[in-house]
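Novice: If it helps, the file is called query19.txt and holds compact mmCIF, C-alpha atoms:
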# COMPACT_ATOMS: atom_id res chain seq x y z
CA MET A 102 1.13 -2.90 9.06
CA ALA A 103 3.95 -0.90 7.46
CA ALA A 104 6.22 -1.68 10.42
CA ARG A 105 5.78 -5.46 10.33
CA PRO A 106 8.92 -7.43 9.41
CA ASP A 107 6.88 -9.79 7.20
CA VAL A 108 5.66 -6.82 5.13
CA VAL A 109 9.25 -5.60 4.72
CA ALA A 110 10.29 -9.11 3.68
CA GLY A 111 7.33 -9.36 1.31
CA VAL A 112 8.10 -6.16 -0.57
CA LYS A 113 11.74 -7.17 -0.89
CA GLY A 114 10.94 -10.72 -2.00
CA PRO A 115 10.61 -12.14 -5.51
CA ASP A 116 6.79 -11.84 -5.70
CA PRO A 117 5.45 -9.09 -3.40
CA SER A 118 1.85 -9.53 -4.55
CA ALA A 119 1.77 -13.24 -3.79
CA ALA A 120 3.37 -12.65 -0.41
CA LEU A 121 1.24 -9.68 0.63
CA GLN A 122 -2.20 -9.81 -1.04
CA PRO A 123 -3.72 -12.41 1.35
CA TYR A 124 -2.43 -10.53 4.40
CA ALA A 125 -3.57 -7.12 3.12
CA GLU A 126 -7.04 -8.49 2.43
CA ARG A 127 -7.24 -10.05 5.89
CA VAL A 128 -6.24 -6.72 7.48
CA ARG A 129 -8.79 -4.89 5.31
CA VAL A 130 -11.65 -7.20 6.28
CA GLU A 131 -10.74 -7.37 9.98
CA SER A 132 -10.31 -3.58 10.24
CA GLY A 133 -13.45 -2.75 8.29
CA THR A 134 -11.61 -0.46 5.87
CA ASP A 135 -12.35 -0.20 2.17
CA PHE A 136 -8.81 -0.92 1.06
CA VAL A 137 -5.29 -1.76 2.15
CA VAL A 138 -2.82 -1.14 -0.64
CA VAL A 139 0.85 -2.00 -0.41
CA MET A 140 2.82 -0.45 -3.25
CA SER A 141 6.33 0.01 -4.56
CA ARG A 142 8.26 3.25 -4.20
CA ASP A 143 7.03 4.01 -7.73
CA ALA A 144 3.41 3.65 -6.49
CA ILE A 145 2.79 0.39 -8.36
CA ARG A 146 0.25 -1.66 -6.40
CA TYR A 147 1.27 -5.00 -4.93
CA THR A 148 -2.13 -5.42 -3.26
CA HIS A 149 -5.67 -4.19 -3.83
CA PRO A 150 -9.18 -5.43 -2.96
CA ASP A 151 -9.84 -5.57 -6.73
CA PRO A 152 -7.09 -7.89 -7.98
CA THR A 153 -7.31 -6.38 -11.48
CA GLN A 154 -5.75 -3.22 -9.99
CA ILE A 155 -2.59 -5.04 -8.86
CA GLY A 156 0.36 -3.93 -10.98
CA LYS A 157 -1.27 -0.60 -11.81
CA LYS A 158 -0.36 2.83 -10.47
CA PHE A 159 -1.81 4.00 -7.14
CA LEU A 160 -4.00 7.07 -7.54
CA GLY A 161 -3.08 9.64 -4.92
CA HIS A 162 -0.13 11.45 -3.46
CA THR A 163 2.92 9.67 -2.10
CA GLU A 164 5.70 12.28 -2.03
CA ASP A 165 5.67 12.97 1.73
CA ALA A 166 5.58 9.23 2.54
CA LEU A 167 8.52 8.63 0.20
CA ALA A 168 10.41 11.21 2.26
CA GLY A 169 9.60 9.26 5.45
CA GLY A 170 6.51 11.25 6.42
CA VAL A 171 2.77 10.66 6.28
CA VAL A 172 0.23 11.65 3.65
CA GLU A 173 -3.33 12.32 4.81
CA GLU A 174 -5.77 13.19 2.06
CA ASP A 175 -9.24 12.94 0.62
CA TYR A 176 -8.91 11.60 -2.91
CA THR A 177 -10.99 9.83 -5.53
CA GLY A 178 -9.32 6.60 -6.54
CA THR A 179 -10.39 3.38 -8.24
CA LEU A 180 -12.94 2.64 -5.50
CA GLY A 181 -14.39 6.16 -5.48
CA PRO A 182 -13.90 8.99 -2.97
CA SER A 183 -11.92 8.08 0.14
CA SER A 184 -10.11 9.48 3.13
CA ARG A 185 -6.71 7.86 3.20
CA VAL A 186 -3.31 7.79 4.76
CA VAL A 187 -0.09 6.74 3.02
CA VAL A 188 2.87 5.72 5.18
CA PRO A 189 6.36 4.43 4.43
CA VAL A 190 7.55 0.86 4.83
CA THR A 191 11.14 1.17 6.00
CA ASP A 192 14.09 -1.18 6.26
CA ARG A 193 17.05 0.09 8.27
CA GLY A 194 15.86 3.67 7.82
CA LYS A 195 15.36 3.44 4.05
CA VAL A 196 11.88 3.67 2.51
CA VAL A 197 11.38 0.44 0.55
CA ALA A 198 7.63 0.62 -0.12
CA LEU A 199 4.41 2.38 0.91
CA VAL A 200 1.11 1.36 2.49
CA SER A 201 -2.20 3.14 2.16
Will you turn the file into structure tokens for me?
Specialist:
Amino acid sequence: MAARPDVVAGVKGPDPSAALQPYAERVRVESGTDFVVVMSRDAIRYTHPDPTQIGKKFLGHTEDALAGGVVEEDYTGTLGPSSRVVVPVTDRGKVVALVS
């Protein structure tokens, strides 16, 4: 998901939540995961299965993903305990957002 051109365009567009929330929810449902969160570099959520969490700070670690790597962790977030991965969304080699 993080590598899709439409996700890159969505995070760079005027309203990332409007562009990405329907797609993130479709991916979440089709993949059977508990959440798909697209967030800014500052870890502000653009998407979340609970829409009241959009615009709030992601709970978890993002530092390695911001550096272009991958975060794998067990963490208790807004939906309870989870095993999660955070990866960068890149545009021409620059990290422009994150996906968990």
Novice: List the spatial neighbours of Leu199 (chain A) as a list in words - criterion: any atom at most 7 Å away, all atoms listed in the file, same-chain residues fewer than 6 positions off excluded.
Specialist: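 Neighbouring residues, sequence-local ones excluded: Val139, Met140, Ser141, Arg142, Val187, Val188, Pro189 and Val190 of chain A.
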Novice: Interatomic distance between CA of Val128 (chain A) and CA of Ala168 (chain A)?
Specialist: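 So the answer is 25.0 Å.
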Novice: Do you know which residues are at most 8 Å from Val137 (chain A) counting only C-alpha atoms, after dropping those on the same chain fewer than 2 positions away, and could you put them as a compact mmCIF listing (two decimals) with C-alpha atoms, keeping the file's coordinate frame?
Specialist:
# COMPACT_ATOMS: atom_id res chain seq x y z
CA ALA A 125 -3.57 -7.12 3.12
CA GLU A 126 -7.04 -8.49 2.43
CA VAL A 128 -6.24 -6.72 7.48
CA ARG A 129 -8.79 -4.89 5.31
CA THR A 134 -11.61 -0.46 5.87
CA ASP A 135 -12.35 -0.20 2.17
CA VAL A 139 0.85 -2.00 -0.41
CA THR A 148 -2.13 -5.42 -3.26
CA HIS A 149 -5.67 -4.19 -3.83
CA PRO A 150 -9.18 -5.43 -2.96
CA VAL A 200 1.11 1.36 2.49
CA SER A 201 -2.20 3.14 2.16
Novice: Between A:Arg193, A:Lys113, A:Arg185, A:Arg146, which residue has the minimum interatomic distance to Phe159 (chain A), considering all atoms listed in the file?
Specialist: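 Comparing A:Arg193, A:Lys113, A:Arg185, A:Arg146 against Phe159 (chain A), the winner is A:Arg146.
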Novice: At a cut-off of 7 Å, using only C-alpha atoms, what residues contact Val108 (chain A)? Leave out same-chain residues fewer than 4 positions from it and give the result as a PDB file with C-alpha atoms, keeping the file's coordinate frame.
Specialist:
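Saved to part_24.pdb:
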ATOM      1  CA  ALA A 103       3.950  -0.900   7.460  1.00  0.00           C
ATOM      2  CA  VAL A 112       8.100  -6.160  -0.570  1.00  0.00           C
ATOM      3  CA  LEU A 121       1.240  -9.680   0.630  1.00  0.00           C
TER       4      LEU A 121
END
Novice: I'd like the interatomic distance between CA of Val171 (chain A) and CA of Gly194 (chain A), to a tenth of an Å.
Specialist: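 One can read the CA of Val171 (chain A) to CA of Gly194 (chain A) distance as 14.9 Å.
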